[in-house]
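Shown below: coords_31.pdb, with PDB, C-alpha atoms and all ligand atoms.
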```pdb
MODEL        1
ATOM      1  CA  MET P   1      99.704  96.017  -1.425  1.00  0.00           C
ATOM      2  CA  ARG P   2      97.286  93.776   0.476  1.00  0.00           C
ATOM      3  CA  ARG P   3      95.957  90.650  -1.211  1.00  0.00           C
ATOM      4  CA  GLY P   4      92.267  90.131  -0.513  1.00  0.00           C
ATOM      5  CA  LEU P   5      91.437  86.595   0.589  1.00  0.00           C
ATOM      6  CA  ILE P   6      88.327  84.482   0.176  1.00  0.00           C
ATOM      7  CA  ILE P   7      87.882  82.776   3.531  1.00  0.00           C
ATOM      8  CA  MET P   8      85.399  79.957   4.044  1.00  0.00           C
ATOM      9  CA  HIS P   9      84.120  78.478   7.326  1.00  0.00           C
ATOM     10  CA  THR P  10      82.019  75.392   6.699  1.00  0.00           C
ATOM     11  CA  GLY P  11      81.248  71.963   8.202  1.00  0.00           C
ATOM     12  CA  ASP P  12      78.714  70.509  10.621  1.00  0.00           C
ATOM     13  CA  GLY P  13      80.448  71.525  13.855  1.00  0.00           C
ATOM     14  CA  LYS P  14      79.808  74.657  15.884  1.00  0.00           C
ATOM     15  CA  GLY P  15      82.041  77.698  15.483  1.00  0.00           C
ATOM     16  CA  LYS P  16      81.658  78.967  11.917  1.00  0.00           C
ATOM     17  CA  THR P  17      79.912  82.237  12.717  1.00  0.00           C
ATOM     18  CA  THR P  18      81.748  82.824  15.979  1.00  0.00           C
ATOM     19  CA  ALA P  19      85.134  82.331  14.252  1.00  0.00           C
ATOM     20  CA  ALA P  20      84.085  84.881  11.616  1.00  0.00           C
ATOM     21  CA  LEU P  21      83.141  87.324  14.394  1.00  0.00           C
ATOM     22  CA  GLY P  22      86.531  86.748  16.023  1.00  0.00           C
ATOM     23  CA  LEU P  23      88.145  87.651  12.715  1.00  0.00           C
ATOM     24  CA  ALA P  24      85.933  90.757  12.480  1.00  0.00           C
ATOM     25  CA  ILE P  25      87.204  91.892  15.870  1.00  0.00           C
ATOM     26  CA  ARG P  26      90.820  91.191  14.917  1.00  0.00           C
ATOM     27  CA  ALA P  27      90.419  93.102  11.650  1.00  0.00           C
ATOM     28  CA  TRP P  28      88.665  96.008  13.393  1.00  0.00           C
ATOM     29  CA  GLY P  29      91.534  96.171  15.890  1.00  0.00           C
ATOM     30  CA  ALA P  30      93.987  96.327  12.987  1.00  0.00           C
ATOM     31  CA  GLY P  31      92.130  99.346  11.647  1.00  0.00           C
ATOM     32  CA  LEU P  32      90.257  97.594   8.844  1.00  0.00           C
ATOM     33  CA  LYS P  33      86.731  98.626   7.913  1.00  0.00           C
ATOM     34  CA  VAL P  34      84.464  95.657   8.567  1.00  0.00           C
ATOM     35  CA  LEU P  35      80.881  94.945   7.473  1.00  0.00           C
ATOM     36  CA  ILE P  36      78.841  91.906   8.542  1.00  0.00           C
ATOM     37  CA  LEU P  37      75.910  90.837   6.367  1.00  0.00           C
ATOM     38  CA  GLN P  38      73.733  88.059   7.770  1.00  0.00           C
ATOM     39  CA  PHE P  39      71.899  86.125   5.075  1.00  0.00           C
ATOM     40  CA  ILE P  40      69.681  83.986   7.272  1.00  0.00           C
ATOM     41  CA  LYS P  41      68.738  85.819  10.390  1.00  0.00           C
ATOM     42  CA  GLY P  42      67.858  83.967  13.544  1.00  0.00           C
ATOM     43  CA  GLY P  43      64.756  84.442  15.618  1.00  0.00           C
ATOM     44  CA  ARG P  44      66.296  86.383  18.469  1.00  0.00           C
ATOM     45  CA  ARG P  45      68.835  89.091  19.063  1.00  0.00           C
ATOM     46  CA  SER P  46      72.225  87.455  19.538  1.00  0.00           C
ATOM     47  CA  GLY P  47      74.618  88.635  22.240  1.00  0.00           C
ATOM     48  CA  GLU P  48      77.283  89.477  19.690  1.00  0.00           C
ATOM     49  CA  LEU P  49      75.110  92.257  18.256  1.00  0.00           C
ATOM     50  CA  ALA P  50      75.402  94.226  21.486  1.00  0.00           C
ATOM     51  CA  ALA P  51      79.183  93.791  21.456  1.00  0.00           C
ATOM     52  CA  LEU P  52      79.534  94.751  17.792  1.00  0.00           C
ATOM     53  CA  ASP P  53      77.287  97.792  18.342  1.00  0.00           C
ATOM     54  CA  ALA P  54      79.488  98.879  21.235  1.00  0.00           C
ATOM     55  CA  LEU P  55      82.581  98.672  19.001  1.00  0.00           C
ATOM     56  CA  GLY P  56      80.818 100.352  16.098  1.00  0.00           C
ATOM     57  CA  ILE P  57      81.117  97.352  13.759  1.00  0.00           C
ATOM     58  CA  GLU P  58      78.214  97.451  11.343  1.00  0.00           C
ATOM     59  CA  VAL P  59      75.951  94.390  11.140  1.00  0.00           C
ATOM     60  CA  ARG P  60      72.996  94.132   8.770  1.00  0.00           C
ATOM     61  CA  GLN P  61      70.491  91.365   9.251  1.00  0.00           C
ATOM     62  CA  MET P  62      68.824  90.458   6.003  1.00  0.00           C
ATOM     63  CA  GLY P  63      66.936  87.335   5.034  1.00  0.00           C
ATOM     64  CA  ARG P  64      63.703  86.196   6.564  1.00  0.00           C
ATOM     65  CA  GLY P  65      64.598  84.207   9.655  1.00  0.00           C
ATOM     66  CA  PHE P  66      64.709  80.432   9.872  1.00  0.00           C
ATOM     67  CA  THR P  67      64.066  78.837   6.513  1.00  0.00           C
ATOM     68  CA  ASN P  68      61.568  76.296   7.780  1.00  0.00           C
ATOM     69  CA  THR P  69      59.057  79.077   8.470  1.00  0.00           C
ATOM     70  CA  GLY P  70      57.271  81.218   5.887  1.00  0.00           C
ATOM     71  CA  ALA P  71      56.815  80.744   2.144  1.00  0.00           C
ATOM     72  CA  LEU P  72      59.796  79.777  -0.010  1.00  0.00           C
ATOM     73  CA  ASP P  73      59.079  82.637  -2.431  1.00  0.00           C
ATOM     74  CA  GLU P  74      59.398  85.107   0.420  1.00  0.00           C
ATOM     75  CA  HIS P  75      62.761  83.612   1.407  1.00  0.00           C
ATOM     76  CA  LYS P  76      63.929  83.702  -2.211  1.00  0.00           C
ATOM     77  CA  ALA P  77      62.989  87.371  -2.537  1.00  0.00           C
ATOM     78  CA  ALA P  78      64.737  88.176   0.753  1.00  0.00           C
ATOM     79  CA  ALA P  79      67.862  86.264  -0.323  1.00  0.00           C
ATOM     80  CA  LYS P  80      67.924  88.145  -3.648  1.00  0.00           C
ATOM     81  CA  ALA P  81      67.613  91.466  -1.823  1.00  0.00           C
ATOM     82  CA  ALA P  82      70.447  90.415   0.491  1.00  0.00           C
ATOM     83  CA  PHE P  83      72.527  89.399  -2.542  1.00  0.00           C
ATOM     84  CA  GLU P  84      71.934  92.775  -4.240  1.00  0.00           C
ATOM     85  CA  SER P  85      72.922  94.575  -1.077  1.00  0.00           C
ATOM     86  CA  ALA P  86      76.114  92.470  -0.809  1.00  0.00           C
ATOM     87  CA  ARG P  87      76.891  93.172  -4.467  1.00  0.00           C
ATOM     88  CA  LYS P  88      76.497  96.912  -3.934  1.00  0.00           C
ATOM     89  CA  GLU P  89      78.689  96.976  -0.819  1.00  0.00           C
ATOM     90  CA  ILE P  90      81.400  94.866  -2.465  1.00  0.00           C
ATOM     91  CA  LEU P  91      81.467  97.118  -5.539  1.00  0.00           C
ATOM     92  CA  SER P  92      81.537 100.256  -3.366  1.00  0.00           C
ATOM     93  CA  GLY P  93      85.074  99.414  -2.252  1.00  0.00           C
ATOM     94  CA  ALA P  94      84.234 101.093   1.078  1.00  0.00           C
ATOM     95  CA  TRP P  95      85.130  98.005   3.143  1.00  0.00           C
ATOM     96  CA  ASP P  96      88.314  96.053   3.812  1.00  0.00           C
ATOM     97  CA  LEU P  97      86.544  92.919   5.045  1.00  0.00           C
ATOM     98  CA  ILE P  98      82.966  91.780   4.504  1.00  0.00           C
ATOM     99  CA  ILE P  99      81.480  88.754   6.263  1.00  0.00           C
ATOM    100  CA  LEU P 100      78.668  87.011   4.391  1.00  0.00           C
ATOM    101  CA  ASP P 101      77.247  84.992   7.263  1.00  0.00           C
ATOM    102  CA  GLU P 102      75.227  81.875   6.314  1.00  0.00           C
ATOM    103  CA  ILE P 103      75.481  82.648   2.603  1.00  0.00           C
ATOM    104  CA  ASN P 104      76.487  78.992   2.061  1.00  0.00           C
ATOM    105  CA  CYS P 105      73.122  77.866   3.419  1.00  0.00           C
ATOM    106  CA  ALA P 106      71.246  80.275   1.141  1.00  0.00           C
ATOM    107  CA  ALA P 107      73.171  78.810  -1.817  1.00  0.00           C
ATOM    108  CA  LYS P 108      72.774  75.200  -0.665  1.00  0.00           C
ATOM    109  CA  ILE P 109      68.994  75.405  -0.397  1.00  0.00           C
ATOM    110  CA  GLY P 110      68.742  77.145  -3.765  1.00  0.00           C
ATOM    111  CA  LEU P 111      67.827  80.670  -2.603  1.00  0.00           C
ATOM    112  CA  LEU P 112      70.933  81.852  -4.503  1.00  0.00           C
ATOM    113  CA  SER P 113      72.757  80.177  -7.400  1.00  0.00           C
ATOM    114  CA  ALA P 114      76.440  79.212  -7.290  1.00  0.00           C
ATOM    115  CA  ALA P 115      76.994  81.587 -10.229  1.00  0.00           C
ATOM    116  CA  GLU P 116      75.589  84.504  -8.234  1.00  0.00           C
ATOM    117  CA  VAL P 117      77.803  83.802  -5.248  1.00  0.00           C
ATOM    118  CA  LEU P 118      80.857  83.351  -7.508  1.00  0.00           C
ATOM    119  CA  GLU P 119      80.074  86.725  -9.063  1.00  0.00           C
ATOM    120  CA  LEU P 120      80.579  88.365  -5.656  1.00  0.00           C
ATOM    121  CA  ILE P 121      84.103  86.958  -5.646  1.00  0.00           C
ATOM    122  CA  THR P 122      84.983  88.106  -9.159  1.00  0.00           C
ATOM    123  CA  ILE P 123      83.660  91.662  -8.805  1.00  0.00           C
ATOM    124  CA  ARG P 124      85.425  92.473  -5.548  1.00  0.00           C
ATOM    125  CA  PRO P 125      88.322  94.936  -5.427  1.00  0.00           C
ATOM    126  CA  PRO P 126      91.553  92.856  -5.275  1.00  0.00           C
ATOM    127  CA  GLN P 127      92.459  94.035  -1.759  1.00  0.00           C
ATOM    128  CA  MET P 128      89.050  93.213  -0.192  1.00  0.00           C
ATOM    129  CA  HIS P 129      88.737  90.158   2.086  1.00  0.00           C
ATOM    130  CA  LEU P 130      85.466  88.197   1.987  1.00  0.00           C
ATOM    131  CA  VAL P 131      84.417  85.630   4.585  1.00  0.00           C
ATOM    132  CA  PHE P 132      81.735  83.058   3.758  1.00  0.00           C
ATOM    133  CA  THR P 133      80.117  80.975   6.467  1.00  0.00           C
ATOM    134  CA  GLY P 134      77.613  78.152   6.632  1.00  0.00           C
ATOM    135  CA  ARG P 135      77.471  74.387   6.509  1.00  0.00           C
ATOM    136  CA  ASP P 136      77.381  72.529   3.165  1.00  0.00           C
ATOM    137  CA  ALA P 137      79.525  74.959   1.166  1.00  0.00           C
ATOM    138  CA  LEU P 138      79.079  74.366  -2.571  1.00  0.00           C
ATOM    139  CA  PRO P 139      82.163  72.713  -4.171  1.00  0.00           C
ATOM    140  CA  GLU P 140      82.452  75.616  -6.641  1.00  0.00           C
ATOM    141  CA  LEU P 141      82.841  78.018  -3.716  1.00  0.00           C
ATOM    142  CA  ILE P 142      85.382  75.809  -1.959  1.00  0.00           C
ATOM    143  CA  ASP P 143      87.382  75.774  -5.212  1.00  0.00           C
ATOM    144  CA  ALA P 144      87.251  79.560  -5.452  1.00  0.00           C
ATOM    145  CA  ALA P 145      88.337  80.176  -1.834  1.00  0.00           C
ATOM    146  CA  ASP P 146      91.914  80.809  -0.639  1.00  0.00           C
ATOM    147  CA  LEU P 147      91.366  79.621   2.938  1.00  0.00           C
ATOM    148  CA  VAL P 148      88.864  76.922   3.833  1.00  0.00           C
ATOM    149  CA  THR P 149      88.274  75.615   7.347  1.00  0.00           C
ATOM    150  CA  GLU P 150      85.871  72.800   8.136  1.00  0.00           C
ATOM    151  CA  MET P 151      84.364  72.755  11.629  1.00  0.00           C
ATOM    152  CA  LYS P 152      83.809  69.088  12.354  1.00  0.00           C
ATOM    153  CA  LEU P 153      81.149  67.907  14.786  1.00  0.00           C
ATOM    154  CA  ILE P 154      82.643  65.660  17.451  1.00  0.00           C
ATOM    155  CA  LYS P 155      80.207  66.371  20.291  1.00  0.00           C
ATOM    156  CA  HIS P 156      77.465  68.917  20.836  1.00  0.00           C
ATOM    157  CA  PRO P 157      75.367  69.353  24.012  1.00  0.00           C
ATOM    158  CA  PHE P 158      72.198  69.252  21.868  1.00  0.00           C
ATOM    159  CA  GLN P 159      72.863  65.518  21.509  1.00  0.00           C
ATOM    160  CA  ASN P 160      72.362  65.210  25.277  1.00  0.00           C
ATOM    161  CA  GLY P 161      69.231  67.327  25.269  1.00  0.00           C
ATOM    162  CA  VAL P 162      70.886  70.530  26.500  1.00  0.00           C
ATOM    163  CA  ALA P 163      68.978  73.462  24.971  1.00  0.00           C
ATOM    164  CA  ALA P 164      70.572  76.544  23.418  1.00  0.00           C
ATOM    165  CA  GLN P 165      71.942  78.914  26.079  1.00  0.00           C
ATOM    166  CA  ALA P 166      72.410  82.688  26.078  1.00  0.00           C
ATOM    167  CA  GLY P 167      76.043  83.621  25.634  1.00  0.00           C
ATOM    168  CA  ILE P 168      76.928  80.300  24.002  1.00  0.00           C
ATOM    169  CA  GLU P 169      74.415  79.831  21.191  1.00  0.00           C
ATOM    170  CA  PHE P 170      72.981  83.335  20.876  1.00  0.00           C
TER
HETATM  171  P1  LIG B 201      78.143  79.506  16.055  1.00  0.00           P
HETATM  172  O1  LIG B 201      77.224  80.635  15.672  1.00  0.00           O
HETATM  173  O2  LIG B 201      77.929  79.100  17.468  1.00  0.00           O
HETATM  174  O3  LIG B 201      79.573  79.769  15.681  1.00  0.00           O
HETATM  175  P2  LIG B 201      77.811  77.961  13.668  1.00  0.00           P
HETATM  176  O4  LIG B 201      77.804  79.245  12.921  1.00  0.00           O
HETATM  177  O5  LIG B 201      78.966  77.036  13.416  1.00  0.00           O
HETATM  178  O6  LIG B 201      77.687  78.226  15.221  1.00  0.00           O
HETATM  179  P3  LIG B 201      75.305  77.260  12.420  1.00  0.00           P
HETATM  180  O7  LIG B 201      75.330  76.141  11.466  1.00  0.00           O
HETATM  181  O8  LIG B 201      75.233  78.648  11.874  1.00  0.00           O
HETATM  182  O9  LIG B 201      76.528  77.104  13.427  1.00  0.00           O
HETATM  183  O10 LIG B 201      74.130  76.998  13.418  1.00  0.00           O
HETATM  184  C1  LIG B 201      73.635  77.996  14.255  1.00  0.00           C
HETATM  185  C2  LIG B 201      73.150  77.461  15.558  1.00  0.00           C
HETATM  186  O11 LIG B 201      73.129  76.047  15.646  1.00  0.00           O
HETATM  187  C3  LIG B 201      74.022  77.893  16.729  1.00  0.00           C
HETATM  188  O12 LIG B 201      73.166  78.210  17.783  1.00  0.00           O
HETATM  189  C4  LIG B 201      74.854  76.700  17.052  1.00  0.00           C
HETATM  190  O13 LIG B 201      75.225  76.598  18.409  1.00  0.00           O
HETATM  191  C5  LIG B 201      73.966  75.590  16.695  1.00  0.00           C
HETATM  192  N1  LIG B 201      74.781  74.466  16.213  1.00  0.00           N
HETATM  193  C6  LIG B 201      75.930  74.543  15.506  1.00  0.00           C
HETATM  194  N2  LIG B 201      76.432  73.305  15.262  1.00  0.00           N
HETATM  195  C7  LIG B 201      75.570  72.450  15.825  1.00  0.00           C
HETATM  196  C8  LIG B 201      75.526  71.006  15.921  1.00  0.00           C
HETATM  197  N3  LIG B 201      76.472  70.273  15.375  1.00  0.00           N
HETATM  198  N4  LIG B 201      74.469  70.458  16.593  1.00  0.00           N
HETATM  199  C9  LIG B 201      73.515  71.232  17.123  1.00  0.00           C
HETATM  200  N5  LIG B 201      73.508  72.580  17.050  1.00  0.00           N
HETATM  201  C10 LIG B 201      74.514  73.174  16.432  1.00  0.00           C
HETATM  202 MG    MG B 202      76.480  80.238  11.741  1.00  0.00          MG
ENDMDL
END
```

Show me the file's structure as structure tokens.
Ligand code: ATP
Ligand code: MG
Amino acid sequence: MRRGLIIMHTGDGKGKTTAALGLAIRAWGAGLKVLILQFIKGGRRSGELAALDALGIEVRQMGRGFTNTGALDEHKAAAKAAFESARKEILSGAWDLIILDEINCAAKIGLLSAAEVLELITIRPPQMHLVFTGRDALPELIDAADLVTEMKLIKHPFQNGVAAQAGIEF
């Protein structure tokens, strides 16, 4: 009997989402059913979407794009809708692994409460793995997780004025 894990990728260094995608590919290759829910969607279509589409790994972009654009109420409503959708998919038991990408950020900026995010953990079927990503993970979520990895910023090309590049950042 498999034991579902709560896996957390946090910290200020690059690699949280890409590590989760690597895990998605590993899980898919092992025959697990994988769903990726993106809580804060970026402005452009990332390269990984084409790859995931080709494999048939389902990705749903929810949320309203970068949080510094648009009204806060709109972002709150979008985050709630994303939360409800996550809740439904977790309860369905149809998935072996669900990635909740950038959910930590939605919680950190108050679009979702810690209690709501903790609820997702308590309602899941015991064999389901959940992966949470995003900087500034709430301490309550770190406590609830089984596996926590902090990506630590040591250097990033942005610091030297190198702009985001296709295939590396998106
Ligand atoms: P990635 O998607 O590359 O794994 P991430 O999920 O760890 O990165 P986020 O916090 O989600 O990083 O930030 C998303 C975007 O910001 C990515 O384009 C990423 O390259 C960039 N980024 C991540 N860390 C840093 C950093 N320390 N300084 C500047 N930009 C960063
Ligand atoms: Mg990310």

Spell out the residues picked by the PyMOL selection byres (((chain P and resi 118) around 12) and not hetatm) here, as a CSV table (one decimal) with C-alpha atoms, keeping the file's coordinate frame.
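The file below, result16.csv, is the result:
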```csv
chain,number,residue,atom,x,y,z
P,6,ILE,CA,88.3,84.5,0.2
P,83,PHE,CA,72.5,89.4,-2.5
P,87,ARG,CA,76.9,93.2,-4.5
P,103,ILE,CA,75.5,82.6,2.6
P,104,ASN,CA,76.5,79.0,2.1
P,107,ALA,CA,73.2,78.8,-1.8
P,112,LEU,CA,70.9,81.9,-4.5
P,113,SER,CA,72.8,80.2,-7.4
P,114,ALA,CA,76.4,79.2,-7.3
P,115,ALA,CA,77.0,81.6,-10.2
P,116,GLU,CA,75.6,84.5,-8.2
P,117,VAL,CA,77.8,83.8,-5.2
P,119,GLU,CA,80.1,86.7,-9.1
P,120,LEU,CA,80.6,88.4,-5.7
P,121,ILE,CA,84.1,87.0,-5.6
P,122,THR,CA,85.0,88.1,-9.2
P,123,ILE,CA,83.7,91.7,-8.8
P,124,ARG,CA,85.4,92.5,-5.5
P,130,LEU,CA,85.5,88.2,2.0
P,132,PHE,CA,81.7,83.1,3.8
P,138,LEU,CA,79.1,74.4,-2.6
P,139,PRO,CA,82.2,72.7,-4.2
P,140,GLU,CA,82.5,75.6,-6.6
P,141,LEU,CA,82.8,78.0,-3.7
P,142,ILE,CA,85.4,75.8,-2.0
P,143,ASP,CA,87.4,75.8,-5.2
P,144,ALA,CA,87.3,79.6,-5.5
P,145,ALA,CA,88.3,80.2,-1.8
```

Exercise. Using all atoms listed in the file, what are the residues with an atom within 8 Å of ligand MG 202 (chain B), set out as number ranges by chain?
Worked result: P: 14-18, 101-102, 133-135

With C-alpha atoms retained, write the just-selected residues as a PDB file, in the frame of the given file.
```pdb
ATOM      1  CA  LYS P  14      79.808  74.657  15.884  1.00  0.00           C
ATOM      2  CA  GLY P  15      82.041  77.698  15.483  1.00  0.00           C
ATOM      3  CA  LYS P  16      81.658  78.967  11.917  1.00  0.00           C
ATOM      4  CA  THR P  17      79.912  82.237  12.717  1.00  0.00           C
ATOM      5  CA  THR P  18      81.748  82.824  15.979  1.00  0.00           C
ATOM      6  CA  ASP P 101      77.247  84.992   7.263  1.00  0.00           C
ATOM      7  CA  GLU P 102      75.227  81.875   6.314  1.00  0.00           C
ATOM      8  CA  THR P 133      80.117  80.975   6.467  1.00  0.00           C
ATOM      9  CA  GLY P 134      77.613  78.152   6.632  1.00  0.00           C
ATOM     10  CA  ARG P 135      77.471  74.387   6.509  1.00  0.00           C
TER      11      ARG P 135
END
```

Name the residues, by chain letter and number, that sit within 9 Å of ligand LIG 201 (chain B) using only C-alpha atoms and all ligand atoms, and give them as an mmCIF file with C-alpha atoms, in the coordinates of the input.
```
data_model
loop_
_atom_site.group_PDB
_atom_site.id
_atom_site.type_symbol
_atom_site.label_atom_id
_atom_site.label_comp_id
_atom_site.auth_asym_id
_atom_site.auth_seq_id
_atom_site.Cartn_x
_atom_site.Cartn_y
_atom_site.Cartn_z
ATOM 1 C CA HIS P 9 84.120 78.478 7.326
ATOM 2 C CA THR P 10 82.019 75.392 6.699
ATOM 3 C CA GLY P 11 81.248 71.963 8.202
ATOM 4 C CA ASP P 12 78.714 70.509 10.621
ATOM 5 C CA GLY P 13 80.448 71.525 13.855
ATOM 6 C CA LYS P 14 79.808 74.657 15.884
ATOM 7 C CA GLY P 15 82.041 77.698 15.483
ATOM 8 C CA LYS P 16 81.658 78.967 11.917
ATOM 9 C CA THR P 17 79.912 82.237 12.717
ATOM 10 C CA THR P 18 81.748 82.824 15.979
ATOM 11 C CA ALA P 19 85.134 82.331 14.252
ATOM 12 C CA ALA P 20 84.085 84.881 11.616
ATOM 13 C CA LEU P 21 83.141 87.324 14.394
ATOM 14 C CA ILE P 40 69.681 83.986 7.272
ATOM 15 C CA GLY P 42 67.858 83.967 13.544
ATOM 16 C CA ASP P 101 77.247 84.992 7.263
ATOM 17 C CA GLU P 102 75.227 81.875 6.314
ATOM 18 C CA CYS P 105 73.122 77.866 3.419
ATOM 19 C CA THR P 133 80.117 80.975 6.467
ATOM 20 C CA GLY P 134 77.613 78.152 6.632
ATOM 21 C CA ARG P 135 77.471 74.387 6.509
ATOM 22 C CA MET P 151 84.364 72.755 11.629
ATOM 23 C CA LYS P 152 83.809 69.088 12.354
ATOM 24 C CA LEU P 153 81.149 67.907 14.786
ATOM 25 C CA ILE P 154 82.643 65.660 17.451
ATOM 26 C CA LYS P 155 80.207 66.371 20.291
ATOM 27 C CA HIS P 156 77.465 68.917 20.836
ATOM 28 C CA PRO P 157 75.367 69.353 24.012
ATOM 29 C CA PHE P 158 72.198 69.252 21.868
ATOM 30 C CA GLN P 159 72.863 65.518 21.509
ATOM 31 C CA ALA P 164 70.572 76.544 23.418
ATOM 32 C CA GLN P 165 71.942 78.914 26.079
ATOM 33 C CA ILE P 168 76.928 80.300 24.002
ATOM 34 C CA GLU P 169 74.415 79.831 21.191
ATOM 35 C CA PHE P 170 72.981 83.335 20.876
#
```

Starting from 3 Å padding per side, set up an axis-aligned box that covers all listed atoms of segment 18-22 of chain P and hand over centre and edge lengths in Å, one decimal, as lines of an AutoDock Vina configuration file.
```
center_x = 84.1
center_y = 84.8
center_z = 13.8
size_x = 10.8
size_y = 11.0
size_z = 10.4
```

For this session: May I ask for the distance between atom CA of Leu49 of chain P and atom CA of Trp28 of chain P, given in Å to one decimal place?
Result: 14.9 Å

Exercise. Neighbours of Leu35 of chain P within 10 Å (all atoms listed in the file; same-chain residues fewer than 5 positions away dropped), as a PyMOL selection string?
Worked result: chain P and resi 24+28+57-60+86+89-90+94-100+130

Problem set entry | atom CA of Pro126 of chain P to atom CA of Leu91 of chain P, distance in Å rounded to a single decimal | 11.0 Å

Exercise. Could you state the separation of atom CA of Phe39 of chain P and atom CA of Ala78 of chain P in Å, given to one decimal place?
Worked result: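 Going from atom CA of Phe39 of chain P over to atom CA of Ala78 of chain P covers 8.6 Å.
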
Working from the structure I just supplied, which lacks atoms in segment 137-148 of chain P, can you model N, CA, C and O atoms there and output them as an mmCIF file, keeping the file's coordinate frame?
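Below is the file out-v9.cif, written as the result:
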```
data_model
loop_
_atom_site.group_PDB
_atom_site.id
_atom_site.type_symbol
_atom_site.label_atom_id
_atom_site.label_comp_id
_atom_site.auth_asym_id
_atom_site.auth_seq_id
_atom_site.Cartn_x
_atom_site.Cartn_y
_atom_site.Cartn_z
ATOM 1 N N ALA P 137 79.017 74.044 2.204
ATOM 2 C CA ALA P 137 79.525 74.959 1.166
ATOM 3 C C ALA P 137 79.504 74.250 -0.183
ATOM 4 O O ALA P 137 79.869 73.074 -0.284
ATOM 5 N N LEU P 138 79.080 74.952 -1.230
ATOM 6 C CA LEU P 138 79.079 74.366 -2.571
ATOM 7 C C LEU P 138 80.524 74.140 -3.018
ATOM 8 O O LEU P 138 81.399 74.969 -2.737
ATOM 9 N N PRO P 139 80.794 73.015 -3.725
ATOM 10 C CA PRO P 139 82.163 72.713 -4.171
ATOM 11 C C PRO P 139 82.774 73.841 -5.016
ATOM 12 O O PRO P 139 83.975 74.115 -4.911
ATOM 13 N N GLU P 140 81.944 74.510 -5.809
ATOM 14 C CA GLU P 140 82.452 75.616 -6.641
ATOM 15 C C GLU P 140 83.025 76.728 -5.765
ATOM 16 O O GLU P 140 83.994 77.394 -6.126
ATOM 17 N N LEU P 141 82.388 76.943 -4.607
ATOM 18 C CA LEU P 141 82.841 78.018 -3.716
ATOM 19 C C LEU P 141 84.100 77.597 -2.973
ATOM 20 O O LEU P 141 84.993 78.410 -2.733
ATOM 21 N N ILE P 142 84.166 76.319 -2.611
ATOM 22 C CA ILE P 142 85.382 75.809 -1.959
ATOM 23 C C ILE P 142 86.564 75.946 -2.925
ATOM 24 O O ILE P 142 87.652 76.377 -2.542
ATOM 25 N N ASP P 143 86.330 75.636 -4.194
ATOM 26 C CA ASP P 143 87.382 75.774 -5.212
ATOM 27 C C ASP P 143 87.855 77.212 -5.326
ATOM 28 O O ASP P 143 89.046 77.470 -5.506
ATOM 29 N N ALA P 144 86.911 78.146 -5.234
ATOM 30 C CA ALA P 144 87.251 79.560 -5.452
ATOM 31 C C ALA P 144 87.926 80.201 -4.241
ATOM 32 O O ALA P 144 88.536 81.260 -4.366
ATOM 33 N N ALA P 145 87.821 79.564 -3.065
ATOM 34 C CA ALA P 145 88.337 80.176 -1.834
ATOM 35 C C ALA P 145 89.855 80.000 -1.705
ATOM 36 O O ALA P 145 90.440 79.084 -2.271
ATOM 37 N N ASP P 146 90.483 80.904 -0.934
ATOM 38 C CA ASP P 146 91.914 80.809 -0.639
ATOM 39 C C ASP P 146 92.165 80.064 0.663
ATOM 40 O O ASP P 146 93.218 79.472 0.867
ATOM 41 N N LEU P 147 91.198 80.169 1.586
ATOM 42 C CA LEU P 147 91.366 79.621 2.938
ATOM 43 C C LEU P 147 90.057 78.959 3.301
ATOM 44 O O LEU P 147 89.004 79.608 3.334
ATOM 45 N N VAL P 148 90.094 77.659 3.526
ATOM 46 C CA VAL P 148 88.864 76.922 3.833
ATOM 47 C C VAL P 148 89.077 76.147 5.123
ATOM 48 O O VAL P 148 90.045 75.397 5.248
#
```
